[in-house]
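*Asks:* Quick one, final_24.cif (mmCIF, C-alpha atoms):
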```cif
data_data
loop_
_atom_site.label_atom_id
_atom_site.label_comp_id
_atom_site.auth_asym_id
_atom_site.auth_seq_id
_atom_site.Cartn_x
_atom_site.Cartn_y
_atom_site.Cartn_z
CA MET A 29 -3.75 -15.11 -5.10
CA GLU A 30 -5.42 -15.89 -8.39
CA LEU A 31 -3.88 -15.00 -11.74
CA ARG A 32 -5.30 -15.80 -15.16
CA SER A 33 -2.92 -16.00 -18.08
CA ARG A 34 -3.64 -16.00 -21.79
CA SER A 35 -1.67 -15.46 -25.00
CA GLU A 36 -2.41 -12.73 -27.52
CA GLU A 37 -0.26 -12.91 -30.66
CA ASN A 38 3.27 -12.08 -29.53
CA LEU A 39 2.46 -11.34 -25.95
CA GLN A 40 1.13 -12.80 -22.75
CA VAL A 41 -1.58 -11.16 -20.65
CA VAL A 42 -1.66 -11.99 -16.96
CA ALA A 43 -4.75 -10.73 -15.15
CA VAL A 44 -4.80 -10.39 -11.37
CA LEU A 45 -8.21 -11.60 -10.19
CA ASP A 46 -7.85 -10.57 -6.53
CA ASP A 47 -8.70 -7.01 -5.53
CA ARG A 48 -5.65 -6.45 -3.33
CA ILE A 49 -1.90 -6.99 -3.72
CA ASP A 50 -0.76 -6.29 -0.18
CA ALA A 51 1.66 -7.58 2.45
CA ALA A 52 -0.64 -10.54 3.19
CA VAL A 53 -0.27 -11.93 -0.35
CA ALA A 54 2.95 -10.35 -1.70
CA ILE A 55 4.99 -13.56 -1.55
CA GLU A 56 2.15 -15.61 -2.99
CA PHE A 57 1.80 -13.08 -5.82
CA LYS A 58 5.53 -13.23 -6.57
CA ASP A 59 5.45 -17.04 -6.73
CA ALA A 60 2.32 -17.08 -8.90
CA MET A 61 3.85 -14.53 -11.29
CA ARG A 62 7.06 -16.54 -11.50
CA ALA A 63 5.14 -19.71 -12.38
CA SER A 64 2.90 -17.89 -14.81
CA THR A 65 5.60 -16.04 -16.76
CA GLU A 66 8.21 -18.82 -16.80
CA GLY A 67 9.21 -19.51 -20.41
CA GLY A 68 6.46 -17.22 -21.74
CA SER A 69 6.47 -14.40 -24.28
CA ASP A 70 9.08 -11.66 -24.21
CA THR A 71 6.38 -9.15 -23.43
CA VAL A 72 4.00 -9.69 -20.53
CA VAL A 73 1.12 -7.34 -19.80
CA LEU A 74 -0.03 -7.39 -16.19
CA ASP A 75 -3.72 -6.51 -16.15
CA LEU A 76 -4.37 -4.72 -12.84
CA SER A 77 -7.89 -3.51 -13.62
CA GLN A 78 -9.45 -5.68 -10.88
CA VAL A 79 -6.95 -4.50 -8.26
CA LYS A 80 -8.33 -1.76 -6.06
CA PHE A 81 -5.48 -1.57 -3.56
CA ILE A 82 -1.76 -2.13 -3.50
CA ASP A 83 0.72 -1.35 -0.73
CA SER A 84 4.50 -1.07 -0.81
CA SER A 85 4.88 -4.84 -0.34
CA GLY A 86 2.70 -5.42 -3.38
CA LEU A 87 4.70 -2.86 -5.33
CA GLY A 88 7.90 -4.64 -4.29
CA ALA A 89 6.46 -7.95 -5.49
CA ILE A 90 5.71 -6.50 -8.94
CA VAL A 91 9.26 -5.12 -9.13
CA ALA A 92 10.60 -8.54 -8.11
CA SER A 93 8.53 -10.17 -10.86
CA MET A 94 10.02 -7.82 -13.44
CA LYS A 95 13.54 -8.53 -12.18
CA HIS A 96 12.91 -12.26 -12.33
CA MET A 97 11.83 -12.00 -15.99
CA GLY A 98 15.22 -10.49 -16.80
CA ALA A 99 16.39 -7.52 -18.83
CA SER A 100 15.60 -9.12 -22.20
CA ARG A 101 11.89 -9.30 -21.44
CA LYS A 102 9.37 -6.59 -20.72
CA LEU A 103 6.66 -6.29 -18.09
CA ALA A 104 3.99 -3.72 -18.91
CA LEU A 105 1.20 -2.67 -16.54
CA ALA A 106 -2.34 -1.99 -17.65
CA GLY A 107 -5.63 -0.85 -16.15
CA LEU A 108 -4.33 0.92 -13.05
CA THR A 109 -7.15 1.97 -10.73
CA PRO A 110 -6.73 5.29 -8.84
CA THR A 111 -5.01 4.06 -5.67
CA VAL A 112 -2.73 1.69 -7.59
CA GLU A 113 -1.81 4.51 -9.96
CA LYS A 114 -1.05 6.75 -6.98
CA VAL A 115 1.43 4.26 -5.49
CA PHE A 116 3.30 3.91 -8.79
CA ARG A 117 3.33 7.66 -9.38
CA LEU A 118 4.50 8.69 -5.90
CA THR A 119 7.32 6.14 -5.81
CA ARG A 120 8.23 7.06 -9.41
CA MET A 121 7.96 3.40 -10.33
CA ASP A 122 5.69 4.52 -13.19
CA SER A 123 8.92 5.52 -14.95
CA VAL A 124 10.34 2.01 -14.64
CA PHE A 125 7.42 0.14 -16.21
CA SER A 126 5.43 0.84 -19.36
CA VAL A 127 2.13 1.90 -17.85
CA PHE A 128 -1.14 1.91 -19.80
CA SER A 129 -4.42 3.17 -18.46
CA THR A 130 -6.38 0.40 -20.19
CA LEU A 131 -5.66 -3.15 -21.29
CA ASP A 132 -6.93 -2.38 -24.79
CA GLY A 133 -4.51 0.54 -25.01
CA ALA A 134 -1.65 -1.70 -23.94
CA LEU A 135 -2.51 -4.41 -26.47
CA GLU A 136 -2.87 -1.92 -29.30
CA GLU A 137 0.51 -0.38 -28.57
CA LEU A 138 2.46 -3.54 -27.79
CA LYS A 139 1.13 -5.74 -30.59
CA ALA A 140 2.19 -3.24 -33.25
CA MET B 20 -22.43 23.80 24.26
CA LYS B 21 -18.94 22.73 23.38
CA ASP B 22 -20.11 19.24 22.49
CA CYS B 23 -22.80 20.73 20.34
CA ALA B 24 -20.26 22.84 18.45
CA MET B 25 -18.10 19.78 17.90
CA SER B 26 -20.94 17.84 16.39
CA LEU B 27 -21.30 20.55 13.76
CA VAL B 28 -17.67 20.09 12.81
CA SER B 29 -17.78 16.36 12.26
CA LYS B 30 -20.33 13.68 11.45
CA LEU B 31 -17.85 11.20 12.79
CA PRO B 32 -17.43 10.31 16.46
CA VAL B 33 -13.96 9.35 17.65
CA PHE B 34 -13.52 5.62 17.24
CA GLN B 35 -10.95 3.03 18.13
CA ILE B 36 -9.95 -0.25 16.49
CA SER B 37 -8.00 -2.89 18.39
CA ILE B 38 -6.36 -5.85 16.71
CA HIS B 39 -3.76 -8.46 17.48
CA SER B 40 -0.68 -8.44 15.21
CA GLY B 41 -0.43 -11.26 12.67
CA GLY B 42 -0.76 -12.18 9.00
CA MET B 43 -4.27 -11.00 8.25
CA ALA B 44 -4.49 -8.40 11.05
CA VAL B 45 -3.70 -5.43 8.82
CA ARG B 46 -6.41 -6.28 6.30
CA GLU B 47 -8.93 -6.66 9.10
CA ALA B 48 -7.93 -3.34 10.68
CA LEU B 49 -8.08 -1.48 7.37
CA LYS B 50 -11.48 -2.92 6.59
CA ARG B 51 -12.83 -1.77 9.94
CA LEU B 52 -11.16 1.62 9.59
CA MET B 53 -12.56 2.27 6.12
CA ASP B 54 -16.01 1.08 7.24
CA GLY B 55 -15.77 3.46 10.19
CA LEU B 56 -15.00 6.37 7.86
CA LYS B 57 -18.06 5.79 5.66
CA PRO B 58 -20.04 8.67 7.25
CA LEU B 59 -17.45 11.07 5.78
CA SER B 60 -18.12 9.91 2.20
CA LEU B 61 -14.46 10.26 1.23
CA ASP B 62 -13.83 10.26 -2.50
CA VAL B 63 -11.70 7.52 -4.04
CA GLU B 64 -8.57 9.70 -3.93
CA GLU B 65 -8.94 10.54 -0.23
CA ALA B 66 -9.94 7.01 0.76
CA GLY B 67 -6.90 5.69 -1.12
CA THR B 68 -4.61 8.06 0.75
CA VAL B 69 -6.00 7.01 4.14
CA GLU B 70 -5.88 3.30 3.40
CA LEU B 71 -2.39 3.46 1.94
CA VAL B 72 -0.83 5.44 4.80
CA MET B 73 -2.47 3.29 7.44
CA ALA B 74 -1.52 0.08 5.59
CA GLU B 75 2.13 1.15 5.60
CA ALA B 76 2.06 2.17 9.27
CA LEU B 77 0.42 -1.11 10.31
CA ASN B 78 2.60 -3.29 8.06
CA ASN B 79 5.65 -1.72 9.69
CA ILE B 80 4.35 -2.63 13.15
CA VAL B 81 3.55 -6.21 12.18
CA GLU B 82 6.93 -6.58 10.50
CA HIS B 83 9.27 -4.65 12.81
CA ALA B 84 7.63 -4.02 16.20
CA TYR B 85 6.39 -7.62 16.44
CA PRO B 86 8.91 -9.40 14.17
CA GLU B 87 8.78 -13.12 13.46
CA GLY B 88 10.01 -14.98 16.51
CA ASP B 89 8.59 -12.40 18.94
CA PRO B 90 5.14 -12.98 20.39
CA HIS B 91 2.28 -11.24 18.64
CA GLY B 92 0.78 -8.28 20.46
CA PRO B 93 -1.93 -5.65 20.46
CA ILE B 94 -2.22 -2.72 18.06
CA SER B 95 -4.77 0.02 18.57
CA ILE B 96 -5.80 2.75 16.17
CA THR B 97 -7.68 5.81 17.36
CA CYS B 98 -9.24 7.98 14.70
CA SER B 99 -10.76 11.39 15.22
CA HIS B 100 -12.00 13.89 12.68
CA ALA B 101 -11.28 17.60 13.02
CA ARG B 102 -11.35 20.67 10.77
CA ASP B 103 -7.85 19.94 9.50
CA GLY B 104 -8.48 16.28 8.69
CA LEU B 105 -8.25 12.87 10.29
CA HIS B 106 -6.00 12.46 13.31
CA MET B 107 -4.70 8.94 13.76
CA THR B 108 -2.90 7.53 16.77
CA VAL B 109 -1.46 4.05 16.44
CA VAL B 110 -0.18 2.35 19.60
CA ASP B 111 1.62 -0.98 19.98
CA ASN B 112 3.82 -2.45 22.67
CA GLY B 113 6.34 -4.18 20.46
CA ARG B 114 9.97 -3.26 19.83
CA ALA B 115 10.91 0.41 19.67
CA MET B 116 11.92 2.15 16.45
CA PRO B 117 15.69 1.95 15.95
CA ASP B 118 17.30 5.21 17.21
CA GLY B 119 13.99 6.21 18.77
CA GLN B 120 12.73 7.81 15.58
CA THR B 121 10.92 7.00 12.37
CA PRO B 122 13.04 6.31 9.27
CA LEU B 123 13.63 9.36 7.06
CA GLY B 124 11.55 7.98 4.23
CA THR B 125 13.73 9.09 1.36
CA PRO B 126 12.48 8.19 -2.11
CA ALA B 127 13.87 4.98 -3.60
CA GLN B 128 16.31 5.25 -6.52
CA THR B 129 14.64 4.25 -9.76
CA ASP B 130 17.33 5.20 -12.29
CA VAL B 131 19.38 2.09 -11.59
CA ALA B 132 20.10 -1.21 -13.37
CA LEU B 133 17.30 -3.77 -13.36
CA ASN B 134 18.95 -5.97 -10.75
CA ASP B 135 19.46 -3.04 -8.38
CA MET B 136 15.84 -1.97 -8.58
CA PRO B 137 14.46 -1.56 -5.06
CA GLU B 138 11.83 -4.08 -3.88
CA GLY B 139 11.23 -2.39 -0.56
CA GLY B 140 11.80 0.75 1.44
CA PHE B 141 8.82 2.56 -0.07
CA GLY B 142 6.68 2.44 3.05
CA TRP B 143 8.04 5.34 5.09
CA PHE B 144 8.44 7.43 1.98
CA LEU B 145 4.72 7.00 1.26
CA ILE B 146 3.75 7.77 4.87
CA LYS B 147 5.84 10.94 4.99
CA ASP B 148 4.76 12.03 1.55
CA LEU B 149 1.04 11.61 2.17
CA ALA B 150 0.61 12.27 5.91
CA LYS B 151 1.19 15.48 7.88
CA ASP B 152 2.52 16.06 11.40
CA VAL B 153 4.02 12.58 11.77
CA THR B 154 5.37 12.08 15.31
CA TYR B 155 6.72 9.07 17.11
CA ASP B 156 7.16 8.62 20.86
CA ARG B 157 8.15 5.71 23.00
CA ILE B 158 6.04 6.00 26.15
CA ASN B 159 5.98 3.36 28.90
CA ALA B 160 7.28 0.61 26.60
CA GLU B 161 4.68 1.50 23.95
CA ASN B 162 5.17 2.93 20.48
CA HIS B 163 2.93 5.91 19.80
CA LEU B 164 2.73 6.97 16.17
CA LYS B 165 0.59 10.00 15.43
CA LEU B 166 -0.21 11.48 12.09
CA ARG B 167 -2.76 13.61 10.33
CA LEU B 168 -4.39 12.94 6.99
CA ALA B 169 -5.55 16.11 5.31
CA VAL B 170 -8.83 14.68 4.01
CA ALA B 171 -12.47 15.58 4.72
CA ILE B 172 -11.35 19.12 5.58
CA GLY B 173 -13.63 21.99 6.45
#
```
Take the structure in this file and express it as structure tokens.

*Replies:*
Amino acid sequence: MELRSRSEENLQVVAVLDDRIDAAVAIEFKDAMRASTEGGSDTVVLDLSQVKFIDSSGLGAIVASMKHMGASRKLALAGLTPTVEKVFRLTRMDSVFSVFSTLDGALEELKA
Amino acid sequence: MKDCAMSLVSKLPVFQISIHSGGMAVREALKRLMDGLKPLSLDVEEAGTVELVMAEALNNIVEHAYPEGDPHGPISITCSHARDGLHMTVVDNGRAMPDGQTPLGTPAQTDVALNDMPEGGFGWFLIKDLAKDVTYDRINAENHLKLRLAVAIG
């Protein structure tokens, strides 16, 4: 599971470079997110634009990452592809996260 | 003549995928399944529905029918295309479903405190939400899960 992290002003952008977050890599993803967001900005944008598929284990791993960051920090999701968007919408998890259709949209909104 | 009529209904012959349960087995099965469905030219929405439902069904088997500590075992998927969509039959010979039936698949609660946010339990909800005619039978020490995906209709 490959993540790439960078800082943009007051926030951190973590891009998922793999095209799947599924049961095979859910634990690895959770660990990588934990390492990547530890001590970082209060707001983290998870760039999912490369991710074509997510299953319920992957969804659970993203929820776990948000919980690990704690209530004082924010995890926003950006660049959801159609199947990823479907999973968040059907499970109503799109109401739990700030969801942005594009990374640029997320940055514009969250930097302000 | 009957065979001829059938071929007008579907471009897709019935096909079967057999795998052995284990860490990467579900990915492999899904790849072969989606490759097998290419003649139907499903759009991204339909393909996503098929892959998601089958991922959840197969993950459940790997996790619960052949749990860690039990020996791995076979899983077979049979896929046929009809006027009302794709009919999937998934068979394994692992542990039976508790109570002899599939979980209800109720939606997870999302209006809860951060620490109570659910990290699992979405799988059966997604299957029941997206698939039709879901049935489960335990036959001769095998689990038979059948479902229909209302894609590539008509």

*Asks:* Show me which bits of chain B are within 6 Å of chain A, counting all atoms listed in the file, as a list in words.

*Replies:*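 Filtering chain B at 6 Å from chain A with all atoms listed in the file gives Gly67, Glu138, Gly139, Phe141 and Gly142 of chain B.
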
*Asks:* Apply the PyMOL selection byres ((chain B and resi 82) around 12) to the structure shown and report the selected residues as a ChimeraX atom specification.

*Replies:* /A:51-52,85 /B:40-42,44-45,74-81,83-92,113-114,116,142

*Asks:* Between CA of Gln128 in chain B and CA of Gly140 in chain B, what distance in Å does the model show, to one decimal?

*Replies:*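 Taking CA of Gln128 in chain B as the start and CA of Gly140 in chain B as the end point, the length is 10.2 Å.
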
*Asks:* Of the candidates B:Arg102, B:Gln35, B:Gly124, B:Leu133, which shows the shortest atom-to-atom distance to Leu103 in chain A, using only C-alpha atoms?

*Replies:*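 Distance minimum relative to Leu103 in chain A lands on B:Leu133.
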
*Asks:* Between B:Lys147, B:Lys57, B:Arg167, B:His39, which is the closest to Asp103 in chain B once you count only C-alpha atoms?

*Replies:*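 Between B:Lys147, B:Lys57, B:Arg167, B:His39, the residue approaching Asp103 in chain B most closely is B:Arg167.
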
*Asks:* Identify, on the basis of only C-alpha atoms, every residue whose closest approach to Leu164 in chain B does not exceed 8 Å; exclude the query and any residue fewer than 4 positions from it along the same chain; express the result as a list in words.

*Replies:*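 Result of the neighbour search: Thr108, Val109, Val110, Val153, Thr154, Tyr155 and Asp156 of chain B.
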
*Asks:* List the residues matched by the PyMOL selection byres ((chain A and resi 130) around 9) in the displayed structure as a list of chain:residue names, ordered by chain and then by residue number.

*Replies:* A:Asp75, A:Ser77, A:Leu105, A:Ala106, A:Gly107, A:Leu108, A:Val127, A:Phe128, A:Ser129, A:Leu131, A:Asp132, A:Gly133, A:Ala134, A:Leu135

*Asks:* Taking the file as shown, find all residues satisfying the PyMOL selection byres ((chain A and resi 138) around 10) and write them as a ChimeraX atom specification.

*Replies:* /A:38-39,71-73,104,126,132-137,139-140

*Asks:* Which residue, B:Arg157, B:Ala132, B:Glu47, B:Leu145, has the smallest gap to Pro117 in chain B when you use all atoms listed in the file?

*Replies:*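 Ranked by minimum distance to Pro117 in chain B, first place goes to B:Arg157.
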
*Asks:* When you write range 78-114 of chain B out from the block above, keep C-alpha atoms and present the result as a PDB file, in the first residue's frame, please.

*Replies:*
```
ATOM      1  CA  ASN B  78     -14.668 -11.637   1.621  1.00  0.00           C
ATOM      2  CA  ASN B  79     -17.324 -13.072   3.929  1.00  0.00           C
ATOM      3  CA  ILE B  80     -16.448 -16.608   2.842  1.00  0.00           C
ATOM      4  CA  VAL B  81     -12.715 -16.082   3.285  1.00  0.00           C
ATOM      5  CA  GLU B  82     -13.274 -14.476   6.675  1.00  0.00           C
ATOM      6  CA  HIS B  83     -16.111 -16.543   8.160  1.00  0.00           C
ATOM      7  CA  ALA B  84     -16.555 -19.827   6.264  1.00  0.00           C
ATOM      8  CA  TYR B  85     -12.803 -20.501   6.237  1.00  0.00           C
ATOM      9  CA  PRO B  86     -11.691 -18.475   9.289  1.00  0.00           C
ATOM     10  CA  GLU B  87      -8.080 -18.220  10.397  1.00  0.00           C
ATOM     11  CA  GLY B  88      -7.087 -21.489  12.032  1.00  0.00           C
ATOM     12  CA  ASP B  89      -9.319 -23.576   9.747  1.00  0.00           C
ATOM     13  CA  PRO B  90      -7.819 -25.077   6.614  1.00  0.00           C
ATOM     14  CA  HIS B  91      -8.324 -23.106   3.422  1.00  0.00           C
ATOM     15  CA  GLY B  92     -10.818 -24.552   0.967  1.00  0.00           C
ATOM     16  CA  PRO B  93     -12.409 -24.213  -2.436  1.00  0.00           C
ATOM     17  CA  ILE B  94     -14.786 -21.466  -3.555  1.00  0.00           C
ATOM     18  CA  SER B  95     -16.595 -21.632  -6.870  1.00  0.00           C
ATOM     19  CA  ILE B  96     -18.546 -18.911  -8.624  1.00  0.00           C
ATOM     20  CA  THR B  97     -20.940 -19.710 -11.438  1.00  0.00           C
ATOM     21  CA  CYS B  98     -22.163 -16.797 -13.498  1.00  0.00           C
ATOM     22  CA  SER B  99     -24.935 -16.886 -16.052  1.00  0.00           C
ATOM     23  CA  HIS B 100     -26.577 -14.058 -17.924  1.00  0.00           C
ATOM     24  CA  ALA B 101     -30.336 -13.937 -18.452  1.00  0.00           C
ATOM     25  CA  ARG B 102     -32.942 -11.329 -19.407  1.00  0.00           C
ATOM     26  CA  ASP B 103     -33.242 -10.172 -15.812  1.00  0.00           C
ATOM     27  CA  GLY B 104     -29.511  -9.814 -15.195  1.00  0.00           C
ATOM     28  CA  LEU B 105     -26.570 -11.822 -13.938  1.00  0.00           C
ATOM     29  CA  HIS B 106     -27.260 -14.882 -11.818  1.00  0.00           C
ATOM     30  CA  MET B 107     -24.431 -15.761  -9.465  1.00  0.00           C
ATOM     31  CA  THR B 108     -24.042 -18.926  -7.448  1.00  0.00           C
ATOM     32  CA  VAL B 109     -21.204 -19.038  -4.948  1.00  0.00           C
ATOM     33  CA  VAL B 110     -20.388 -22.383  -3.327  1.00  0.00           C
ATOM     34  CA  ASP B 111     -17.893 -23.180  -0.573  1.00  0.00           C
ATOM     35  CA  ASN B 112     -17.532 -26.036   1.867  1.00  0.00           C
ATOM     36  CA  GLY B 113     -16.477 -24.066   4.904  1.00  0.00           C
ATOM     37  CA  ARG B 114     -18.445 -23.338   8.069  1.00  0.00           C
TER      38      ARG B 114
END
```
